[in-house]
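Containing mmCIF, C-alpha atoms and all ligand atoms: upload39.cif.
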data_entry
loop_
_atom_site.label_atom_id
_atom_site.label_comp_id
_atom_site.auth_asym_id
_atom_site.auth_seq_id
_atom_site.Cartn_x
_atom_site.Cartn_y
_atom_site.Cartn_z
CA MET A 1 -12.69 -35.31 35.18
CA THR A 2 -11.34 -32.03 36.63
CA ALA A 3 -7.57 -31.81 36.36
CA LEU A 4 -5.72 -31.92 39.69
CA ALA A 5 -4.28 -28.52 40.68
CA SER A 6 -2.27 -27.37 43.66
CA PRO A 7 -3.97 -25.09 46.17
CA THR A 8 -2.33 -21.69 46.57
CA LEU A 9 -1.21 -19.83 49.68
CA THR A 10 -1.37 -16.06 50.03
CA MET A 11 1.97 -14.37 50.66
CA ASN A 12 2.43 -11.22 52.78
CA ASP A 13 2.59 -9.08 49.61
CA GLY A 14 -0.90 -10.24 48.63
CA ARG A 15 0.23 -12.54 45.83
CA GLU A 16 -0.54 -16.26 45.56
CA ILE A 17 1.96 -19.12 45.41
CA PRO A 18 1.07 -22.69 44.38
CA GLN A 19 1.66 -24.67 47.57
CA LEU A 20 3.06 -27.77 45.84
CA GLY A 21 5.95 -26.96 43.52
CA PHE A 22 8.70 -28.86 41.73
CA GLY A 23 12.40 -28.73 42.76
CA VAL A 24 15.29 -29.28 40.33
CA PHE A 25 18.37 -29.42 42.62
CA THR A 26 21.17 -31.74 41.31
CA MET A 27 19.64 -31.98 37.81
CA SER A 28 21.75 -31.41 34.71
CA ASN A 29 20.35 -29.07 32.05
CA GLU A 30 19.15 -32.13 30.11
CA GLU A 31 17.46 -33.66 33.16
CA ALA A 32 15.88 -30.33 34.10
CA GLU A 33 14.50 -29.89 30.59
CA ALA A 34 12.88 -33.35 30.54
CA SER A 35 11.68 -33.25 34.15
CA VAL A 36 10.22 -29.74 34.01
CA LYS A 37 8.38 -30.65 30.83
CA GLU A 38 7.02 -33.78 32.55
CA ALA A 39 6.10 -31.90 35.74
CA LEU A 40 4.18 -29.26 33.78
CA ALA A 41 2.33 -31.99 31.85
CA VAL A 42 1.32 -33.60 35.16
CA GLY A 43 0.01 -30.28 36.50
CA TYR A 44 2.73 -28.58 38.57
CA ARG A 45 2.72 -24.80 38.05
CA HIS A 46 5.58 -23.82 40.36
CA ILE A 47 9.24 -24.54 39.55
CA ASP A 48 12.13 -23.97 41.99
CA THR A 49 15.63 -23.58 40.55
CA ALA A 50 18.78 -21.61 41.55
CA ALA A 51 21.74 -20.05 39.78
CA VAL A 52 24.10 -22.47 41.54
CA TYR A 53 22.20 -25.53 40.24
CA GLY A 54 23.56 -24.68 36.78
CA ASN A 55 20.27 -25.71 35.14
CA GLU A 56 18.34 -22.47 34.60
CA GLU A 57 18.72 -22.96 30.82
CA GLY A 58 17.35 -26.49 31.08
CA VAL A 59 14.40 -25.15 33.07
CA ARG A 60 13.75 -22.57 30.33
CA ARG A 61 13.87 -25.26 27.64
CA GLY A 62 11.52 -27.51 29.66
CA ILE A 63 9.01 -24.66 29.97
CA GLU A 64 9.28 -23.89 26.25
CA ALA A 65 8.83 -27.56 25.31
CA SER A 66 5.79 -27.96 27.58
CA GLY A 67 3.56 -25.63 25.61
CA VAL A 68 2.24 -24.22 28.91
CA ASP A 69 1.83 -20.44 28.87
CA PRO A 70 4.78 -19.09 30.91
CA SER A 71 2.43 -16.63 32.62
CA GLU A 72 0.71 -19.63 34.29
CA ILE A 73 3.97 -20.83 35.84
CA PHE A 74 5.27 -19.53 39.17
CA LEU A 75 9.03 -19.49 38.61
CA VAL A 76 11.58 -19.19 41.41
CA THR A 77 15.35 -18.80 41.28
CA LYS A 78 18.01 -17.92 43.85
CA LEU A 79 21.01 -15.66 44.16
CA TRP A 80 24.18 -17.62 44.94
CA ASN A 81 26.41 -16.76 47.92
CA THR A 82 29.38 -15.44 45.94
CA ASP A 83 27.07 -12.88 44.30
CA GLN A 84 25.78 -11.34 47.53
CA GLY A 85 26.27 -7.56 47.78
CA TYR A 86 24.49 -4.70 45.99
CA ASP A 87 26.21 -4.46 42.56
CA SER A 88 26.91 -8.16 42.29
CA THR A 89 23.25 -8.98 43.01
CA LEU A 90 22.06 -6.72 40.19
CA ARG A 91 24.57 -8.37 37.85
CA ALA A 92 23.76 -11.95 38.90
CA PHE A 93 20.03 -11.25 38.55
CA GLU A 94 20.49 -10.18 34.89
CA GLU A 95 22.52 -13.32 34.21
CA SER A 96 19.80 -15.54 35.69
CA MET A 97 17.13 -13.75 33.63
CA GLN A 98 19.19 -14.31 30.48
CA ARG A 99 19.53 -18.02 31.19
CA LEU A 100 15.81 -18.28 32.02
CA GLY A 101 14.86 -16.25 28.94
CA ARG A 102 12.82 -13.83 31.04
CA GLU A 103 12.60 -10.14 31.86
CA SER A 104 11.20 -10.77 35.32
CA ILE A 105 10.70 -13.52 37.89
CA ASP A 106 7.87 -14.44 40.26
CA LEU A 107 10.10 -14.98 43.28
CA TYR A 108 13.83 -14.35 43.87
CA LEU A 109 15.51 -15.79 46.97
CA ILE A 110 18.74 -15.07 48.82
CA HIS A 111 20.04 -18.65 48.81
CA TRP A 112 21.87 -18.65 52.20
CA SER A 113 22.12 -16.01 54.91
CA MET A 114 25.88 -16.42 55.57
CA PRO A 115 25.63 -14.87 59.06
CA LYS A 116 29.35 -14.12 59.53
CA ARG A 117 29.71 -12.25 56.24
CA ARG A 118 26.42 -10.37 56.77
CA LEU A 119 26.11 -9.20 53.17
CA TYR A 120 22.35 -9.77 53.20
CA PRO A 121 21.33 -6.16 54.06
CA GLU A 122 23.01 -4.86 50.87
CA THR A 123 21.76 -7.82 48.87
CA TRP A 124 18.23 -7.19 50.13
CA ARG A 125 18.49 -3.51 49.13
CA ALA A 126 19.16 -4.65 45.55
CA PHE A 127 16.25 -7.13 45.76
CA LEU A 128 13.87 -4.35 46.87
CA GLU A 129 15.06 -2.09 44.08
CA LEU A 130 14.47 -4.83 41.48
CA LYS A 131 11.01 -5.34 42.98
CA GLU A 132 10.33 -1.62 42.69
CA GLN A 133 11.31 -1.84 38.99
CA GLY A 134 8.90 -4.74 38.46
CA ARG A 135 11.69 -7.21 37.68
CA ILE A 136 10.93 -9.36 40.76
CA SER A 137 7.30 -9.86 41.77
CA SER A 138 8.02 -11.24 45.25
CA VAL A 139 11.17 -11.20 47.39
CA GLY A 140 12.16 -14.02 49.70
CA VAL A 141 14.98 -15.82 51.49
CA ALA A 142 16.26 -19.32 52.08
CA ASN A 143 18.21 -20.72 55.01
CA PHE A 144 17.68 -17.74 57.31
CA PRO A 145 17.90 -18.62 61.03
CA VAL A 146 15.76 -16.60 63.47
CA GLU A 147 18.50 -14.06 64.29
CA GLN A 148 19.26 -13.18 60.67
CA LEU A 149 15.58 -13.09 59.72
CA GLU A 150 14.87 -10.60 62.50
CA ASP A 151 17.95 -8.55 61.58
CA LEU A 152 16.86 -8.39 57.92
CA VAL A 153 13.33 -7.28 58.74
CA ASP A 154 14.40 -4.81 61.45
CA GLY A 155 16.91 -3.20 59.07
CA SER A 156 14.66 -2.92 56.01
CA GLY A 157 11.11 -2.90 57.32
CA VAL A 158 10.25 -5.49 54.66
CA ALA A 159 9.59 -9.12 55.57
CA PRO A 160 10.43 -11.75 52.94
CA VAL A 161 7.36 -13.54 51.59
CA LEU A 162 8.82 -16.87 52.61
CA ASN A 163 11.81 -18.57 54.19
CA GLN A 164 12.82 -21.77 52.37
CA ILE A 165 14.45 -24.12 54.87
CA GLU A 166 15.38 -27.77 55.30
CA LEU A 167 12.25 -29.40 56.66
CA HIS A 168 11.03 -33.00 56.74
CA PRO A 169 9.46 -35.31 59.35
CA HIS A 170 12.73 -36.02 61.21
CA PHE A 171 13.77 -32.35 61.20
CA ASN A 172 10.62 -30.30 61.23
CA GLN A 173 11.87 -27.02 62.73
CA PRO A 174 9.05 -26.12 65.15
CA GLU A 175 10.83 -22.98 66.43
CA LEU A 176 11.67 -21.50 63.03
CA ARG A 177 8.19 -22.36 61.74
CA ARG A 178 6.71 -20.48 64.71
CA VAL A 179 8.92 -17.40 64.20
CA ASN A 180 8.27 -17.33 60.44
CA ALA A 181 4.53 -17.45 61.10
CA GLU A 182 4.74 -14.70 63.74
CA MET A 183 6.48 -12.48 61.20
CA GLY A 184 3.99 -13.24 58.43
CA VAL A 185 6.59 -15.25 56.50
CA LEU A 186 5.51 -18.52 54.90
CA THR A 187 7.70 -21.53 55.60
CA GLU A 188 8.79 -23.52 52.56
CA SER A 189 10.24 -27.01 52.94
CA TRP A 190 13.32 -27.99 50.98
CA GLY A 191 14.52 -31.59 51.15
CA PRO A 192 10.89 -32.41 51.98
CA LEU A 193 11.48 -36.15 51.41
CA SER A 194 14.72 -35.94 53.47
CA GLN A 195 16.51 -35.92 50.10
CA GLY A 196 15.35 -39.49 49.47
CA GLY A 197 16.59 -40.54 52.94
CA ASP A 198 15.17 -42.46 55.87
CA ALA A 199 11.90 -40.54 56.31
CA LEU A 200 10.58 -42.61 53.39
CA THR A 201 11.14 -45.85 55.33
CA ASP A 202 10.12 -44.66 58.79
CA PRO A 203 7.68 -47.28 60.20
CA VAL A 204 5.18 -44.61 61.35
CA ILE A 205 5.05 -43.18 57.84
CA THR A 206 4.85 -46.54 56.07
CA GLU A 207 2.03 -47.60 58.42
CA ILE A 208 0.00 -44.41 57.77
CA ALA A 209 0.69 -44.71 54.03
CA LYS A 210 -0.59 -48.28 54.01
CA ALA A 211 -3.78 -47.30 55.85
CA HIS A 212 -4.59 -44.87 53.02
CA GLY A 213 -3.38 -47.02 50.11
CA ALA A 214 -0.84 -44.24 49.47
CA THR A 215 2.94 -44.23 49.17
CA PRO A 216 5.33 -42.96 51.88
CA ALA A 217 6.30 -39.98 49.69
CA GLN A 218 2.63 -39.03 49.21
CA THR A 219 2.07 -39.33 52.96
CA ILE A 220 5.00 -37.04 53.74
CA LEU A 221 3.91 -34.49 51.12
CA ALA A 222 0.33 -34.46 52.44
CA TRP A 223 1.78 -33.81 55.92
CA HIS A 224 3.75 -30.78 54.62
CA ARG A 225 0.63 -29.47 52.90
CA GLN A 226 -1.59 -29.95 55.94
CA LEU A 227 0.95 -28.06 58.10
CA GLY A 228 0.48 -25.11 55.71
CA LEU A 229 3.99 -25.34 54.26
CA VAL A 230 5.00 -24.63 50.68
CA VAL A 231 6.71 -27.81 49.45
CA ILE A 232 8.91 -28.54 46.43
CA PRO A 233 9.79 -32.25 46.01
CA LYS A 234 12.37 -33.08 43.34
CA SER A 235 12.42 -36.12 41.07
CA VAL A 236 13.84 -37.02 37.68
CA THR A 237 11.64 -40.13 37.56
CA PRO A 238 8.37 -39.63 35.63
CA GLU A 239 6.37 -42.06 37.83
CA ARG A 240 7.54 -40.26 40.99
CA ILE A 241 6.86 -36.82 39.51
CA ARG A 242 3.24 -37.91 39.06
CA GLU A 243 3.09 -39.83 42.37
CA ASN A 244 4.24 -36.75 44.26
CA PHE A 245 1.71 -34.50 42.54
CA GLU A 246 -1.08 -36.97 43.32
CA SER A 247 -0.36 -36.45 47.04
CA LEU A 248 -2.89 -33.62 46.56
CA GLN A 249 -5.59 -36.30 46.63
CA LEU A 250 -4.53 -37.57 50.06
CA THR A 251 -5.80 -36.07 53.33
CA LEU A 252 -4.42 -37.33 56.64
CA THR A 253 -6.32 -37.22 59.93
CA ASP A 254 -5.22 -34.65 62.54
CA ASP A 255 -3.90 -37.52 64.63
CA GLU A 256 -1.78 -38.81 61.73
CA VAL A 257 -0.37 -35.32 61.13
CA GLU A 258 0.57 -35.13 64.82
CA ARG A 259 2.19 -38.57 64.80
CA ILE A 260 4.40 -37.55 61.86
CA THR A 261 5.28 -34.21 63.50
CA ALA A 262 6.28 -36.16 66.64
CA LEU A 263 9.02 -37.90 64.60
CA ASP A 264 11.13 -34.73 64.91
CA ARG A 265 14.67 -35.54 66.08
CA GLY A 266 15.77 -31.93 66.54
CA PRO A 267 19.25 -31.01 65.21
CA GLU A 268 20.11 -34.73 64.96
CA GLY A 269 17.59 -35.01 62.14
CA ARG A 270 19.27 -32.46 59.88
CA VAL A 271 20.53 -34.01 56.62
CA SER A 272 22.31 -30.97 55.18
CA ARG A 273 24.30 -27.93 56.33
CA ASP A 274 23.38 -25.76 59.29
CA PRO A 275 22.77 -22.25 57.88
CA ALA A 276 24.05 -20.67 61.11
CA ASP A 277 27.53 -22.11 60.35
CA PHE A 278 27.62 -21.79 56.58
CA ASN A 279 29.43 -18.67 55.39
CA GLU A 280 31.06 -19.52 52.05
N1 LIG A 301 17.40 -23.49 49.52
C1 LIG A 301 18.24 -24.49 49.60
O1 LIG A 301 19.34 -24.37 50.15
C2 LIG A 301 17.84 -25.81 49.03
C3 LIG A 301 18.60 -26.95 49.34
C4 LIG A 301 18.21 -28.16 48.80
C5 LIG A 301 17.09 -28.24 47.99
N2 LIG A 301 16.37 -27.10 47.68
C6 LIG A 301 15.18 -27.15 46.80
O2 LIG A 301 14.26 -28.09 47.33
C7 LIG A 301 13.99 -29.10 46.34
C8 LIG A 301 13.71 -30.42 46.99
O3 LIG A 301 14.77 -30.84 47.83
P1 LIG A 301 15.82 -31.98 47.42
O4 LIG A 301 15.86 -32.12 45.96
O5 LIG A 301 17.10 -31.68 48.11
O6 LIG A 301 15.28 -33.30 48.10
P2 LIG A 301 13.87 -34.09 48.15
O7 LIG A 301 12.88 -33.51 47.23
O8 LIG A 301 13.53 -34.25 49.60
O9 LIG A 301 14.32 -35.54 47.67
C9 LIG A 301 14.73 -35.81 46.36
C10 LIG A 301 15.17 -37.27 46.33
O10 LIG A 301 14.04 -38.10 46.63
C11 LIG A 301 13.82 -39.01 45.55
N3 LIG A 301 12.36 -39.11 45.38
C12 LIG A 301 11.52 -38.17 44.86
N4 LIG A 301 10.26 -38.60 44.85
C13 LIG A 301 10.28 -39.85 45.39
C14 LIG A 301 9.28 -40.81 45.64
N5 LIG A 301 8.00 -40.58 45.32
N6 LIG A 301 9.64 -41.99 46.22
C15 LIG A 301 10.93 -42.23 46.53
N7 LIG A 301 11.94 -41.35 46.33
C16 LIG A 301 11.60 -40.17 45.75
C17 LIG A 301 14.50 -38.39 44.34
O11 LIG A 301 14.95 -39.41 43.45
P3 LIG A 301 14.85 -39.31 41.82
O12 LIG A 301 15.10 -37.88 41.42
O13 LIG A 301 15.97 -40.22 41.40
O14 LIG A 301 13.51 -39.80 41.43
C18 LIG A 301 15.69 -37.71 44.99
O15 LIG A 301 16.73 -38.63 45.23
C19 LIG A 301 15.27 -29.09 45.49
O16 LIG A 301 15.13 -29.75 44.28
C20 LIG A 301 15.52 -27.60 45.37
O17 LIG A 301 14.66 -27.01 44.42
C21 LIG A 301 16.74 -25.89 48.21
#
When written as structure tokens, how does the structure in this file appear?
Amino acid sequence: MTALASPTLTMNDGREIPQLGFGVFTMSNEEAEASVKEALAVGYRHIDTAAVYGNEEGVRRGIEASGVDPSEIFLVTKLWNTDQGYDSTLRAFEESMQRLGRESIDLYLIHWSMPKRRLYPETWRAFLELKEQGRISSVGVANFPVEQLEDLVDGSGVAPVLNQIELHPHFNQPELRRVNAEMGVLTESWGPLSQGGDALTDPVITEIAKAHGATPAQTILAWHRQLGLVVIPKSVTPERIRENFESLQLTLTDDEVERITALDRGPEGRVSRDPADFNE
């Protein structure tokens, strides 16, 4: 039997990213170590952490314990808000690399845009310099609304490879998805299962899941994949880590994809902070 593997998407810098990755938000170092090891055993090859999660060391230990060659793993971390700015970015990057036990990273993200403070142009300058030095393979952002994304690209002439944003059936961001695509920026969904919230019990999703003999989580993850989104579900539960990966075996009909997209509730559907108003 051929092992299940995530498809990849091509980023605007020509590199490939595994479309289905593994998120580690809210995990302790111990949980991250065990869960990353489990995820790599199941077949994930893309791990999404962040300095602010406080578990980069656990991620490193999980990778070491897995026996998987680190060069096969697409590793992502993020620069925290208090480290935005040129010098502080260079410093925070080195600290992340130390915790991850690496010299370089596949993808580094500005974690939030913080529109009012507008430190992202200087932060981005440091990102581009680190890329030039070969320390970062690809540069990206998270939580960038349209205005800040356009400002960043206009000012630097370099589009991020992706914009990682809150995105799930009840809040599926049609406008930002459209603008990202127009700018050649992939959209990546965080909180893809609405952080374990009510998307998993939505009657439309449970009905479609049942029709395929799949679970609601698998149905939602297949929907993200079929919309062309990069998606990074998190779980500390071994059965769910596998269940989520096996969503790769599920293909929804076009009509089912449209029915799930139609569940969008606009801003009402947001489960976390609005990046336009988050400046700390
Ligand atoms: N850029 C940003 O600002 C930002 C913000 C948030 C998240 N992220 C990234 O995106 C990743 C994913 O988002 P998230 O962790 O917030 O939320 P999520 O992946 O939407 O949901 C995680 C929650 O769903 C539960 N779950 C996972 N698989 C399940 C399944 N098959 N059935 C039922 N419940 C299931 C998990 O429980 P258990 O763990 O208990 O199994 C956990 O409570 C994060 O880990 C992080 O890497 C980025």
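Between CA of Val161 in chain A and CA of Ile110 in chain A the separation is 11.8 Å.
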Using all atoms listed in the file, find each residue of range 26-93 of chain A with at least one atom at most 12 Å away from an atom of range 120-143 of chain A; report its shortest atom-to-atom pair and that distance in Å (one decimal), sort the rows by chain and rising residue number, and return the result as CSV.
residue,atom,partner,partner_atom,distance
A:Asp48,CA,A:Ala142,CA,11.9
A:Ala50,CA,A:Ala142,CA,11.1
A:Phe74,CA,A:Ser137,CA,10.2
A:Leu75,CA,A:Ser137,CA,10.3
A:Val76,CA,A:Ser138,CA,9.5
A:Thr77,CA,A:Gly140,CA,10.2
A:Lys78,CA,A:Val141,CA,8.5
A:Leu79,CA,A:Thr123,CA,9.2
A:Trp80,CA,A:Ala142,CA,10.8
A:Asn81,CA,A:Tyr120,CA,9.7
A:Thr82,CA,A:Thr123,CA,11.2
A:Asp83,CA,A:Thr123,CA,8.6
A:Gln84,CA,A:Thr123,CA,5.5
A:Gly85,CA,A:Thr123,CA,4.6
A:Tyr86,CA,A:Thr123,CA,5.0
A:Asp87,CA,A:Ala126,CA,7.7
A:Ser88,CA,A:Thr123,CA,8.4
A:Thr89,CA,A:Thr123,CA,6.2
A:Leu90,CA,A:Ala126,CA,6.4
A:Arg91,CA,A:Ala126,CA,10.1
A:Ala92,CA,A:Ala126,CA,10.9
A:Phe93,CA,A:Leu130,CA,9.0
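Using only C-alpha atoms and all ligand atoms, the shortest contact distance between ligand LIG 301 (chain A) and any of A:Pro238, A:Gly197, A:Pro145, A:Gly23 is found at A:Gly23.
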Checklist entry - Got a sec: who's within 8 Å of Ser6 in chain A, counting only C-alpha atoms, leaving out chain neighbours fewer than 5 positions off, as a list in words? => result Pro18, Gln19, Leu20, Tyr44, Arg45 and Leu248 of chain A
Next on the checklist: Can you work out which residues are within 9 Å of ligand LIG 301 (chain A), considering all atoms listed in the file, and then hand them over as a VMD selection string?
Outcome noted: chain A and resid 21 to 27 47 to 50 53 76 to 78 109 to 112 141 to 143 163 to 168 188 to 197 200 215 to 218 231 to 244 272 to 273 275
Emit the selected residues as a PDB file, keeping the file's coordinate frame, including C-alpha atoms.
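Output file out.pdb follows:
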ATOM      1  CA  GLY A  21       5.950 -26.960  43.520  1.00  0.00           C
ATOM      2  CA  PHE A  22       8.700 -28.860  41.730  1.00  0.00           C
ATOM      3  CA  GLY A  23      12.400 -28.730  42.760  1.00  0.00           C
ATOM      4  CA  VAL A  24      15.290 -29.280  40.330  1.00  0.00           C
ATOM      5  CA  PHE A  25      18.370 -29.420  42.620  1.00  0.00           C
ATOM      6  CA  THR A  26      21.170 -31.740  41.310  1.00  0.00           C
ATOM      7  CA  MET A  27      19.640 -31.980  37.810  1.00  0.00           C
ATOM      8  CA  ILE A  47       9.240 -24.540  39.550  1.00  0.00           C
ATOM      9  CA  ASP A  48      12.130 -23.970  41.990  1.00  0.00           C
ATOM     10  CA  THR A  49      15.630 -23.580  40.550  1.00  0.00           C
ATOM     11  CA  ALA A  50      18.780 -21.610  41.550  1.00  0.00           C
ATOM     12  CA  TYR A  53      22.200 -25.530  40.240  1.00  0.00           C
ATOM     13  CA  VAL A  76      11.580 -19.190  41.410  1.00  0.00           C
ATOM     14  CA  THR A  77      15.350 -18.800  41.280  1.00  0.00           C
ATOM     15  CA  LYS A  78      18.010 -17.920  43.850  1.00  0.00           C
ATOM     16  CA  LEU A 109      15.510 -15.790  46.970  1.00  0.00           C
ATOM     17  CA  ILE A 110      18.740 -15.070  48.820  1.00  0.00           C
ATOM     18  CA  HIS A 111      20.040 -18.650  48.810  1.00  0.00           C
ATOM     19  CA  TRP A 112      21.870 -18.650  52.200  1.00  0.00           C
ATOM     20  CA  VAL A 141      14.980 -15.820  51.490  1.00  0.00           C
ATOM     21  CA  ALA A 142      16.260 -19.320  52.080  1.00  0.00           C
ATOM     22  CA  ASN A 143      18.210 -20.720  55.010  1.00  0.00           C
ATOM     23  CA  ASN A 163      11.810 -18.570  54.190  1.00  0.00           C
ATOM     24  CA  GLN A 164      12.820 -21.770  52.370  1.00  0.00           C
ATOM     25  CA  ILE A 165      14.450 -24.120  54.870  1.00  0.00           C
ATOM     26  CA  GLU A 166      15.380 -27.770  55.300  1.00  0.00           C
ATOM     27  CA  LEU A 167      12.250 -29.400  56.660  1.00  0.00           C
ATOM     28  CA  HIS A 168      11.030 -33.000  56.740  1.00  0.00           C
ATOM     29  CA  GLU A 188       8.790 -23.520  52.560  1.00  0.00           C
ATOM     30  CA  SER A 189      10.240 -27.010  52.940  1.00  0.00           C
ATOM     31  CA  TRP A 190      13.320 -27.990  50.980  1.00  0.00           C
ATOM     32  CA  GLY A 191      14.520 -31.590  51.150  1.00  0.00           C
ATOM     33  CA  PRO A 192      10.890 -32.410  51.980  1.00  0.00           C
ATOM     34  CA  LEU A 193      11.480 -36.150  51.410  1.00  0.00           C
ATOM     35  CA  SER A 194      14.720 -35.940  53.470  1.00  0.00           C
ATOM     36  CA  GLN A 195      16.510 -35.920  50.100  1.00  0.00           C
ATOM     37  CA  GLY A 196      15.350 -39.490  49.470  1.00  0.00           C
ATOM     38  CA  GLY A 197      16.590 -40.540  52.940  1.00  0.00           C
ATOM     39  CA  LEU A 200      10.580 -42.610  53.390  1.00  0.00           C
ATOM     40  CA  THR A 215       2.940 -44.230  49.170  1.00  0.00           C
ATOM     41  CA  PRO A 216       5.330 -42.960  51.880  1.00  0.00           C
ATOM     42  CA  ALA A 217       6.300 -39.980  49.690  1.00  0.00           C
ATOM     43  CA  GLN A 218       2.630 -39.030  49.210  1.00  0.00           C
ATOM     44  CA  VAL A 231       6.710 -27.810  49.450  1.00  0.00           C
ATOM     45  CA  ILE A 232       8.910 -28.540  46.430  1.00  0.00           C
ATOM     46  CA  PRO A 233       9.790 -32.250  46.010  1.00  0.00           C
ATOM     47  CA  LYS A 234      12.370 -33.080  43.340  1.00  0.00           C
ATOM     48  CA  SER A 235      12.420 -36.120  41.070  1.00  0.00           C
ATOM     49  CA  VAL A 236      13.840 -37.020  37.680  1.00  0.00           C
ATOM     50  CA  THR A 237      11.640 -40.130  37.560  1.00  0.00           C
ATOM     51  CA  PRO A 238       8.370 -39.630  35.630  1.00  0.00           C
ATOM     52  CA  GLU A 239       6.370 -42.060  37.830  1.00  0.00           C
ATOM     53  CA  ARG A 240       7.540 -40.260  40.990  1.00  0.00           C
ATOM     54  CA  ILE A 241       6.860 -36.820  39.510  1.00  0.00           C
ATOM     55  CA  ARG A 242       3.240 -37.910  39.060  1.00  0.00           C
ATOM     56  CA  GLU A 243       3.090 -39.830  42.370  1.00  0.00           C
ATOM     57  CA  ASN A 244       4.240 -36.750  44.260  1.00  0.00           C
ATOM     58  CA  SER A 272      22.310 -30.970  55.180  1.00  0.00           C
ATOM     59  CA  ARG A 273      24.300 -27.930  56.330  1.00  0.00           C
ATOM     60  CA  PRO A 275      22.770 -22.250  57.880  1.00  0.00           C
TER      61      PRO A 275
END
Checklist entry - Contacts of range 58-63 of chain A at 8 Å or less, counting all atoms listed in the file, minus same-chain residues fewer than 5 places along, as a VMD selection string? => result chain A and resid 28 to 37 40 49 68 70 99 to 101
Quick one: write out the picked residues with C-alpha atoms as a compact mmCIF listing (two decimals), keeping the file's coordinate frame?
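Dumped to again-v1.txt:
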# COMPACT_ATOMS: atom_id res chain seq x y z
CA SER A 28 21.75 -31.41 34.71
CA ASN A 29 20.35 -29.07 32.05
CA GLU A 30 19.15 -32.13 30.11
CA GLU A 31 17.46 -33.66 33.16
CA ALA A 32 15.88 -30.33 34.10
CA GLU A 33 14.50 -29.89 30.59
CA ALA A 34 12.88 -33.35 30.54
CA SER A 35 11.68 -33.25 34.15
CA VAL A 36 10.22 -29.74 34.01
CA LYS A 37 8.38 -30.65 30.83
CA LEU A 40 4.18 -29.26 33.78
CA THR A 49 15.63 -23.58 40.55
CA VAL A 68 2.24 -24.22 28.91
CA PRO A 70 4.78 -19.09 30.91
CA ARG A 99 19.53 -18.02 31.19
CA LEU A 100 15.81 -18.28 32.02
CA GLY A 101 14.86 -16.25 28.94
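Residue nearest Pro267 in chain A within the list A:Glu246, A:Glu175, A:Asp106, A:Glu16: A:Glu175 [criterion: smallest interatomic distance, all atoms listed in the file].
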Checklist entry - If you measure from CA of Glu64 in chain A to CA of Leu162 in chain A, what distance in Å do you get, rounded to one decimal? => result 27.3 Å
Item to check | Atomic separation - CA of Ile208 in chain A relative to CA of Gly43 in chain A, Å | outcome: 25.5 Å
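Here the question is which of A:Gly213, A:Asp264, A:Val146, A:Asp198 gets nearest to Glu182 in chain A using only C-alpha atoms, and that residue is A:Val146.
Proximity ranking of A:His46, A:His224, A:Lys210, A:Arg265 relative to Thr8 in chain A places A:His46 first, based on all atoms listed in the file.
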Item to check | Residue nearest Glu256 in chain A - candidates A:Arg270, A:Leu119, A:Ala276, A:Ala211, atoms counted: only C-alpha atoms | outcome: A:Ala211
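Proximity ranking of A:Met11, A:Glu207, A:Ala262, A:Ala5 relative to Met183 in chain A places A:Met11 first, based on only C-alpha atoms.
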